[in-house]
Amino acid sequence: MKIWIENPFDNLPIEGFRAQRYWLMAEAFRKAGHEVTLWTSDFNHTTKRKRVVVKGKGEDEGFSIRFVPTIPYHKNVSIKRIISHLFYAARWRRMGAEALAETSEPDVIILSSPPIMTGLAALHFKKLCGAKVVLDIMDLWPETFERVASKWILWPIKKIADFIRKRADLVTSVAEAYPGKTFYHGIELCATEEERADSESLRVVYIGNLGVTYDLKTVVEAIKRIKGATIKIAGQGAGAKDLGDEYVGYLGKEELERLLAHSDIGVIPMAPESCVGVPYKFADYAKAGLAIVSSLSGESSKLMKRYGAGEEYVPHDVDSLVKAIERLRPRLKEARASSRKMAEEVLDSKKIYADYVKYVAEMV
C-alpha cells in the first residue's frame with residue numbers, strides 16, 4: 001500500500017534527536033513493504049526554530065519526507081499558534097492536492113490529532129482519491145485547553161474535532177483514556193543501556209517542555225527539602241529563565257541519554273486535567289531504567305503500580321512529592337529494574353509499531 005503519515009510536532013532523527021512516534025511508524029510501514037511519505041512542518045515545535053530542510057533527506061530511511069511551510073510561533077498557548085496551525089493545514093491541503101495530481105494516490109492517510117484542521121484536509125483527500133483516513137489521537141483537543149479557556153470559546157473546535165472523528169475510517173490513540181485502539185508512544189530499546197554510575201546523592205531529573213503544563217516549581221522546592229537529593233532539568237520553554245542552576249539547557253539525543261544514565265528518578269509533574277495518558281518522557285525514563293515519580297493519575301499510575309516502577313504524588317503538593325521520593329529510597333534499585341522491565345514489555349517501539357501496521361492493514 002501507499003501510506004501518507006502526517007504530523008507537524010515530532011522531532012526528527014535527522015535533526016539529532018531520538019526517533020519519535022511518526023518516524024517510528026513510517027519505518028515500521030516501510031519494513032512491512034509499504035511505500036511511505038512522511039509529511040511534517042518546516043518549523044520545529046520543540047525548539048521553536050525553522051528546520052534546515054535538506055531536500056530528499058529521509059530517502060536513506062526507505063521513505064520520503066515532505067516539509068510543509070509553517071508560520072513560526074513562540075508560545076504553545078497563543079493565538080499565533082492557532083494561526084500557524086490553520087496556515088499549516090491550508091498548505092498541506094494544497095501540497096497534498098498537487099502530490100495527488102503528480103504521483104500515484106495514497107491508499108491510507110494517517111494523521112495526528114492535534115492539530116485539528118488537518119483532519120478536514122485529510123477528508124478532502126479522501127473525497128478526491130478514496131484513501132482511507134486513520135486518525136491517531138495524540139492529545140485530547142480542545143479538552144486539554146479547558147483549564148485555560150472557557151468551554152463556549154472551545155465549542156466550535158470541539159464540533160470540528162467530533163466531525164472529523166466520526167468520518168475517519170479508523171481511530172487509534174496513545175492512551176486508553178482516548179478514543180480508538182491504544183498504541184503507546186513506545187521507544188527504541190538498546191540491548192543494554194549505559195552502565196549507571198553509583199552516587200551517594202539521590203539524582204532526580206526532568207526532561208521535556210518547560211511550559212505552564214508542567215509544575216517544576218513544586219519539584220525544585222521538594223528537592224530542597226530532601227537530604228542528599230539533586231535535580232537536573234533539561235528542555236525548552238518559557239519557564240527556563242526561572243530555574244537557575246538546576247537547568248542544563250535543551251539537549252540532543254546523546255547528551256540526553258548521558259543525563260538519564262547518570263540519574264536515579266525521573267519526575268513527571270503534570271496535573272490530571274492536562275488529559276495526558278502516557279507521555280513521551282514516561283518511555284524515556286523507563287528505557288533508561290529510572291524509577292518514576294508522577295503526578296498523573298490514571299494510565300501512567302496503573303503502569304507504574306503494575307510493575308512497581310515508581311510512585312504517584314498529589315499535583316502541586318510539595319509535601320506529597322517529598323513523601324513519594326522518600327518512599328522510593330529503600331527500594332530504588334528494585335524500582336529502576338522494574339521500570340526497565342516495563343519498557344521492555346509494554347513500551348518497545350518495534351513491537352508497538354509492528355502491531356500498529358498489522359492493525360491498520362487488517363482494518364482498512
# chains A, B, ... in the order shown; residues from 1 in each chain; ligands from 1
call {"tool": "select_by_dssp", "arguments": {"residues": "stretch 47-222 of chain A", "states": "helix (DSSP H, G or I)", "output": "PyMOL selection string"}}
result
chain A and resi 59-61+79-102+118-129+143-145+151-167+216-222
call {"tool": "closest_atom_pairs", "arguments": {"of": "stretch 150-190 of chain A", "to": "stretch 9-23 of chain A", "cutoff": "8 Å", "atoms": "only C-alpha atoms", "output": "Markdown table"}}
result
| residue | atom | partner | partner_atom | distance |
| --- | --- | --- | --- | --- |
| A:His185 | CA | A:Arg21 | CA | 5.7 |
| A:Gly186 | CA | A:Arg21 | CA | 7.3 |
| A:Ile187 | CA | A:Gln20 | CA | 7.4 |
| A:Glu188 | CA | A:Ala19 | CA | 7.8 |
call {"tool": "write_last_selection", "arguments": {"atoms": "N, CA, C and O atoms", "output": "mmCIF file, in the first residue's frame"}}
result
data_model
loop_
_atom_site.group_PDB
_atom_site.id
_atom_site.type_symbol
_atom_site.label_atom_id
_atom_site.label_comp_id
_atom_site.auth_asym_id
_atom_site.auth_seq_id
_atom_site.Cartn_x
_atom_site.Cartn_y
_atom_site.Cartn_z
ATOM 1 N N HIS A 185 3.232 5.383 22.854
ATOM 2 C CA HIS A 185 4.289 6.030 22.081
ATOM 3 C C HIS A 185 5.418 5.054 21.757
ATOM 4 O O HIS A 185 5.848 4.924 20.619
ATOM 5 N N GLY A 186 5.901 4.378 22.777
ATOM 6 C CA GLY A 186 6.999 3.449 22.585
ATOM 7 C C GLY A 186 8.336 4.155 22.409
ATOM 8 O O GLY A 186 8.408 5.359 22.179
ATOM 9 N N ILE A 187 9.394 3.381 22.526
ATOM 10 C CA ILE A 187 10.746 3.930 22.397
ATOM 11 C C ILE A 187 11.682 2.823 21.918
ATOM 12 O O ILE A 187 11.460 1.639 22.208
ATOM 13 N N GLU A 188 12.706 3.207 21.158
ATOM 14 C CA GLU A 188 13.681 2.236 20.677
ATOM 15 C C GLU A 188 14.543 1.765 21.849
ATOM 16 O O GLU A 188 15.136 2.583 22.554
#
call {"tool": "residues_around", "arguments": {"residues": "A:Val212", "least_positions_apart": "2", "cutoff": "10 Å", "atoms": "only C-alpha atoms", "output": "number ranges by chain"}}
result
A: 76-77, 209-210, 214-216, 237-239, 270
call {"tool": "atom_distance", "arguments": {"atom1": "atom CA of A:Gly96", "atom2": "atom CA of A:Phe43"}}
result
18.1 Å
call {"tool": "residues_around", "arguments": {"residues": "stretch 296-304 of chain A", "least_positions_apart": "5", "cutoff": "6 Å", "atoms": "only C-alpha atoms", "output": "number ranges by chain"}}
result
A: 272, 277-278, 309-310
call {"tool": "write_last_selection", "arguments": {"atoms": "N, CA, C and O atoms", "output": "PDB file, in the first residue's frame"}}
result
ATOM      1  N   PRO A 272      -3.663  16.316  36.478  1.00  0.00           N
ATOM      2  CA  PRO A 272      -4.553  15.358  35.817  1.00  0.00           C
ATOM      3  C   PRO A 272      -5.403  16.007  34.724  1.00  0.00           C
ATOM      4  O   PRO A 272      -5.724  15.373  33.723  1.00  0.00           O
ATOM      5  N   GLY A 277      -2.192  10.817  28.968  1.00  0.00           N
ATOM      6  CA  GLY A 277      -2.224   9.455  29.473  1.00  0.00           C
ATOM      7  C   GLY A 277      -0.837   8.951  29.822  1.00  0.00           C
ATOM      8  O   GLY A 277      -0.466   8.829  30.985  1.00  0.00           O
ATOM      9  N   VAL A 278      -0.038   8.633  28.783  1.00  0.00           N
ATOM     10  CA  VAL A 278       1.320   8.136  28.966  1.00  0.00           C
ATOM     11  C   VAL A 278       2.236   8.973  28.076  1.00  0.00           C
ATOM     12  O   VAL A 278       2.344   8.716  26.879  1.00  0.00           O
ATOM     13  N   ALA A 309       7.284   0.336  39.408  1.00  0.00           N
ATOM     14  CA  ALA A 309       8.326   1.174  38.806  1.00  0.00           C
ATOM     15  C   ALA A 309       8.402   2.588  39.372  1.00  0.00           C
ATOM     16  O   ALA A 309       9.318   3.338  39.022  1.00  0.00           O
ATOM     17  N   GLY A 310       7.467   2.955  40.238  1.00  0.00           N
ATOM     18  CA  GLY A 310       7.515   4.323  40.739  1.00  0.00           C
ATOM     19  C   GLY A 310       6.424   4.620  41.737  1.00  0.00           C
ATOM     20  O   GLY A 310       5.750   3.724  42.249  1.00  0.00           O
TER      21      GLY A 310
END
call {"tool": "residues_around", "arguments": {"residues": "A:Ile109", "least_positions_apart": "3", "cutoff": "8 Å", "atoms": "only C-alpha atoms", "output": "PyMOL selection string"}}
result
chain A and resi 3-6+106+122+131-134
call {"tool": "residues_around", "arguments": {"residues": "A:Ile71", "least_positions_apart": "3", "cutoff": "8 Å", "atoms": "only C-alpha atoms", "output": "list of chain:residue names"}}
result
A:Phe43, A:Ile83, A:Ser84, A:Phe87, A:Tyr88
call {"tool": "closest_residue", "arguments": {"among": "A:Tyr359, A:Tyr313, A:Tyr184, A:Tyr307", "to": "A:Met342", "atoms": "only C-alpha atoms"}}
result
A:Tyr307
call {"tool": "residues_around", "arguments": {"residues": "A:Ala324", "least_positions_apart": "3", "cutoff": "8 Å", "atoms": "only C-alpha atoms", "output": "JSON, numbers by chain"}}
result
{"A": [293, 311, 312, 313, 320, 321, 327, 328]}
call {"tool": "write_last_selection", "arguments": {"atoms": "all heavy atoms", "output": "mmCIF file, in the first residue's frame"}}
result
data_model
loop_
_atom_site.group_PDB
_atom_site.id
_atom_site.type_symbol
_atom_site.label_atom_id
_atom_site.label_comp_id
_atom_site.auth_asym_id
_atom_site.auth_seq_id
_atom_site.Cartn_x
_atom_site.Cartn_y
_atom_site.Cartn_z
ATOM 1 N N VAL A 293 8.524 9.137 39.367
ATOM 2 C CA VAL A 293 7.603 9.785 40.294
ATOM 3 C C VAL A 293 6.704 10.682 39.451
ATOM 4 O O VAL A 293 7.191 11.553 38.724
ATOM 5 C CB VAL A 293 8.345 10.610 41.360
ATOM 6 C CG1 VAL A 293 7.349 11.376 42.208
ATOM 7 C CG2 VAL A 293 9.191 9.706 42.236
ATOM 8 N N GLU A 311 6.258 5.931 41.995
ATOM 9 C CA GLU A 311 5.289 6.396 42.987
ATOM 10 C C GLU A 311 4.509 7.585 42.420
ATOM 11 O O GLU A 311 5.036 8.386 41.643
ATOM 12 C CB GLU A 311 5.993 6.839 44.272
ATOM 13 C CG GLU A 311 6.684 5.721 45.034
ATOM 14 C CD GLU A 311 5.714 4.823 45.794
ATOM 15 O OE1 GLU A 311 4.545 5.238 45.986
ATOM 16 O OE2 GLU A 311 6.131 3.717 46.205
ATOM 17 N N GLU A 312 3.260 7.683 42.835
ATOM 18 C CA GLU A 312 2.405 8.804 42.436
ATOM 19 C C GLU A 312 2.346 9.832 43.562
ATOM 20 O O GLU A 312 2.454 9.469 44.739
ATOM 21 C CB GLU A 312 0.997 8.286 42.134
ATOM 22 C CG GLU A 312 0.042 9.344 41.591
ATOM 23 C CD GLU A 312 -1.359 8.793 41.345
ATOM 24 O OE1 GLU A 312 -1.515 7.540 41.377
ATOM 25 O OE2 GLU A 312 -2.282 9.590 41.130
ATOM 26 N N TYR A 313 2.208 11.114 43.213
ATOM 27 C CA TYR A 313 2.040 12.150 44.230
ATOM 28 C C TYR A 313 0.920 13.102 43.823
ATOM 29 O O TYR A 313 0.492 13.129 42.663
ATOM 30 C CB TYR A 313 3.349 12.901 44.474
ATOM 31 C CG TYR A 313 3.761 13.875 43.377
ATOM 32 C CD1 TYR A 313 3.451 15.233 43.470
ATOM 33 C CD2 TYR A 313 4.471 13.441 42.263
ATOM 34 C CE1 TYR A 313 3.834 16.120 42.464
ATOM 35 C CE2 TYR A 313 4.858 14.326 41.269
ATOM 36 C CZ TYR A 313 4.535 15.664 41.374
ATOM 37 O OH TYR A 313 4.910 16.541 40.386
ATOM 38 N N SER A 320 3.612 16.046 49.412
ATOM 39 C CA SER A 320 3.270 14.779 48.790
ATOM 40 C C SER A 320 4.403 14.283 47.890
ATOM 41 O O SER A 320 4.725 13.091 47.884
ATOM 42 C CB SER A 320 1.986 14.928 47.962
ATOM 43 O OG SER A 320 1.662 13.723 47.317
ATOM 44 N N LEU A 321 5.048 15.193 47.167
ATOM 45 C CA LEU A 321 6.165 14.818 46.306
ATOM 46 C C LEU A 321 7.365 14.357 47.137
ATOM 47 O O LEU A 321 8.023 13.363 46.798
ATOM 48 C CB LEU A 321 6.556 15.992 45.405
ATOM 49 C CG LEU A 321 7.765 15.783 44.476
ATOM 50 C CD1 LEU A 321 7.618 14.517 43.648
ATOM 51 C CD2 LEU A 321 7.953 16.994 43.579
ATOM 52 N N ARG A 327 9.618 7.427 49.750
ATOM 53 C CA ARG A 327 9.129 6.040 49.705
ATOM 54 C C ARG A 327 9.950 5.208 48.721
ATOM 55 O O ARG A 327 10.059 3.982 48.878
ATOM 56 C CB ARG A 327 7.646 6.007 49.296
ATOM 57 C CG ARG A 327 6.678 6.434 50.371
ATOM 58 C CD ARG A 327 5.248 5.997 50.053
ATOM 59 N NE ARG A 327 4.748 6.542 48.782
ATOM 60 C CZ ARG A 327 4.128 7.710 48.657
ATOM 61 N NH1 ARG A 327 3.933 8.478 49.723
ATOM 62 N NH2 ARG A 327 3.695 8.112 47.484
ATOM 63 N N LEU A 328 10.513 5.850 47.735
ATOM 64 C CA LEU A 328 11.307 5.138 46.738
ATOM 65 C C LEU A 328 12.714 4.798 47.227
ATOM 66 O O LEU A 328 13.329 3.845 46.753
ATOM 67 C CB LEU A 328 11.417 5.971 45.455
ATOM 68 C CG LEU A 328 10.327 5.797 44.401
ATOM 69 C CD1 LEU A 328 10.536 6.758 43.256
ATOM 70 C CD2 LEU A 328 10.285 4.359 43.883
#
call {"tool": "decode", "arguments": {"residues": "stretch 293-318 of chain A", "atoms": "N, CA, C and O atoms", "output": "compact mmCIF listing (two decimals), in the first residue's frame"}}
result
# COMPACT_ATOMS: atom_id res chain seq x y z
N VAL A 293 8.52 9.14 39.37
CA VAL A 293 7.60 9.78 40.29
C VAL A 293 6.70 10.68 39.45
O VAL A 293 7.19 11.55 38.72
N SER A 294 5.40 10.46 39.53
CA SER A 294 4.48 11.15 38.62
C SER A 294 3.25 11.67 39.35
O SER A 294 2.75 11.04 40.27
N SER A 295 2.77 12.82 38.91
CA SER A 295 1.52 13.37 39.45
C SER A 295 0.33 12.99 38.57
O SER A 295 -0.80 13.40 38.84
N LEU A 296 0.57 12.22 37.50
CA LEU A 296 -0.51 11.78 36.63
C LEU A 296 -1.21 10.57 37.24
O LEU A 296 -0.59 9.54 37.49
N SER A 297 -2.49 10.69 37.46
CA SER A 297 -3.26 9.53 37.87
C SER A 297 -3.67 8.78 36.60
O SER A 297 -3.26 9.15 35.50
N GLY A 298 -4.46 7.76 36.73
CA GLY A 298 -4.92 7.06 35.53
C GLY A 298 -3.89 6.10 34.98
O GLY A 298 -3.27 5.32 35.70
N GLU A 299 -3.68 6.16 33.65
CA GLU A 299 -2.93 5.14 32.94
C GLU A 299 -1.47 5.03 33.37
O GLU A 299 -0.94 3.95 33.57
N SER A 300 -0.79 6.18 33.49
CA SER A 300 0.61 6.16 33.92
C SER A 300 0.73 5.54 35.31
O SER A 300 1.62 4.73 35.57
N SER A 301 -0.17 5.93 36.19
CA SER A 301 -0.15 5.41 37.55
C SER A 301 -0.38 3.89 37.57
O SER A 301 0.29 3.15 38.30
N LYS A 302 -1.32 3.41 36.73
CA LYS A 302 -1.61 1.97 36.68
C LYS A 302 -0.38 1.18 36.23
O LYS A 302 -0.07 0.11 36.77
N LEU A 303 0.31 1.70 35.20
CA LEU A 303 1.51 1.02 34.71
C LEU A 303 2.60 0.98 35.78
O LEU A 303 3.24 -0.05 36.00
N MET A 304 2.82 2.13 36.45
CA MET A 304 3.85 2.18 37.50
C MET A 304 3.54 1.19 38.61
O MET A 304 4.43 0.48 39.09
N LYS A 305 2.27 1.13 39.02
CA LYS A 305 1.89 0.25 40.12
C LYS A 305 1.97 -1.21 39.71
O LYS A 305 2.36 -2.08 40.51
N ARG A 306 1.59 -1.50 38.46
CA ARG A 306 1.63 -2.89 38.00
C ARG A 306 3.06 -3.44 38.04
O ARG A 306 3.29 -4.59 38.41
N TYR A 307 4.03 -2.59 37.68
CA TYR A 307 5.42 -3.03 37.62
C TYR A 307 6.23 -2.66 38.86
O TYR A 307 7.36 -3.09 39.02
N GLY A 308 5.65 -1.84 39.73
CA GLY A 308 6.42 -1.37 40.89
C GLY A 308 7.53 -0.43 40.48
O GLY A 308 8.61 -0.38 41.10
N ALA A 309 7.28 0.34 39.41
CA ALA A 309 8.33 1.17 38.81
C ALA A 309 8.40 2.59 39.37
O ALA A 309 9.32 3.34 39.02
N GLY A 310 7.47 2.96 40.24
CA GLY A 310 7.51 4.32 40.74
C GLY A 310 6.42 4.62 41.74
O GLY A 310 5.75 3.72 42.25
N GLU A 311 6.26 5.93 42.00
CA GLU A 311 5.29 6.40 42.99
C GLU A 311 4.51 7.58 42.42
O GLU A 311 5.04 8.39 41.64
N GLU A 312 3.26 7.68 42.84
CA GLU A 312 2.40 8.80 42.44
C GLU A 312 2.35 9.83 43.56
O GLU A 312 2.45 9.47 44.74
N TYR A 313 2.21 11.11 43.21
CA TYR A 313 2.04 12.15 44.23
C TYR A 313 0.92 13.10 43.82
O TYR A 313 0.49 13.13 42.66
N VAL A 314 0.46 13.88 44.76
CA VAL A 314 -0.63 14.83 44.52
C VAL A 314 -0.10 16.05 43.78
O VAL A 314 0.89 16.66 44.23
N PRO A 315 -0.70 16.44 42.66
CA PRO A 315 -0.20 17.59 41.90
C PRO A 315 -0.11 18.85 42.74
O PRO A 315 -0.97 19.10 43.61
N HIS A 316 0.94 19.62 42.53
CA HIS A 316 1.16 20.92 43.18
C HIS A 316 1.37 20.83 44.70
O HIS A 316 1.34 21.84 45.39
N ASP A 317 1.59 19.62 45.21
CA ASP A 317 1.74 19.41 46.66
C ASP A 317 3.19 19.02 46.96
O ASP A 317 3.61 17.88 46.71
N VAL A 318 3.96 19.95 47.52
CA VAL A 318 5.37 19.72 47.80
C VAL A 318 5.55 18.57 48.78
O VAL A 318 6.39 17.68 48.57
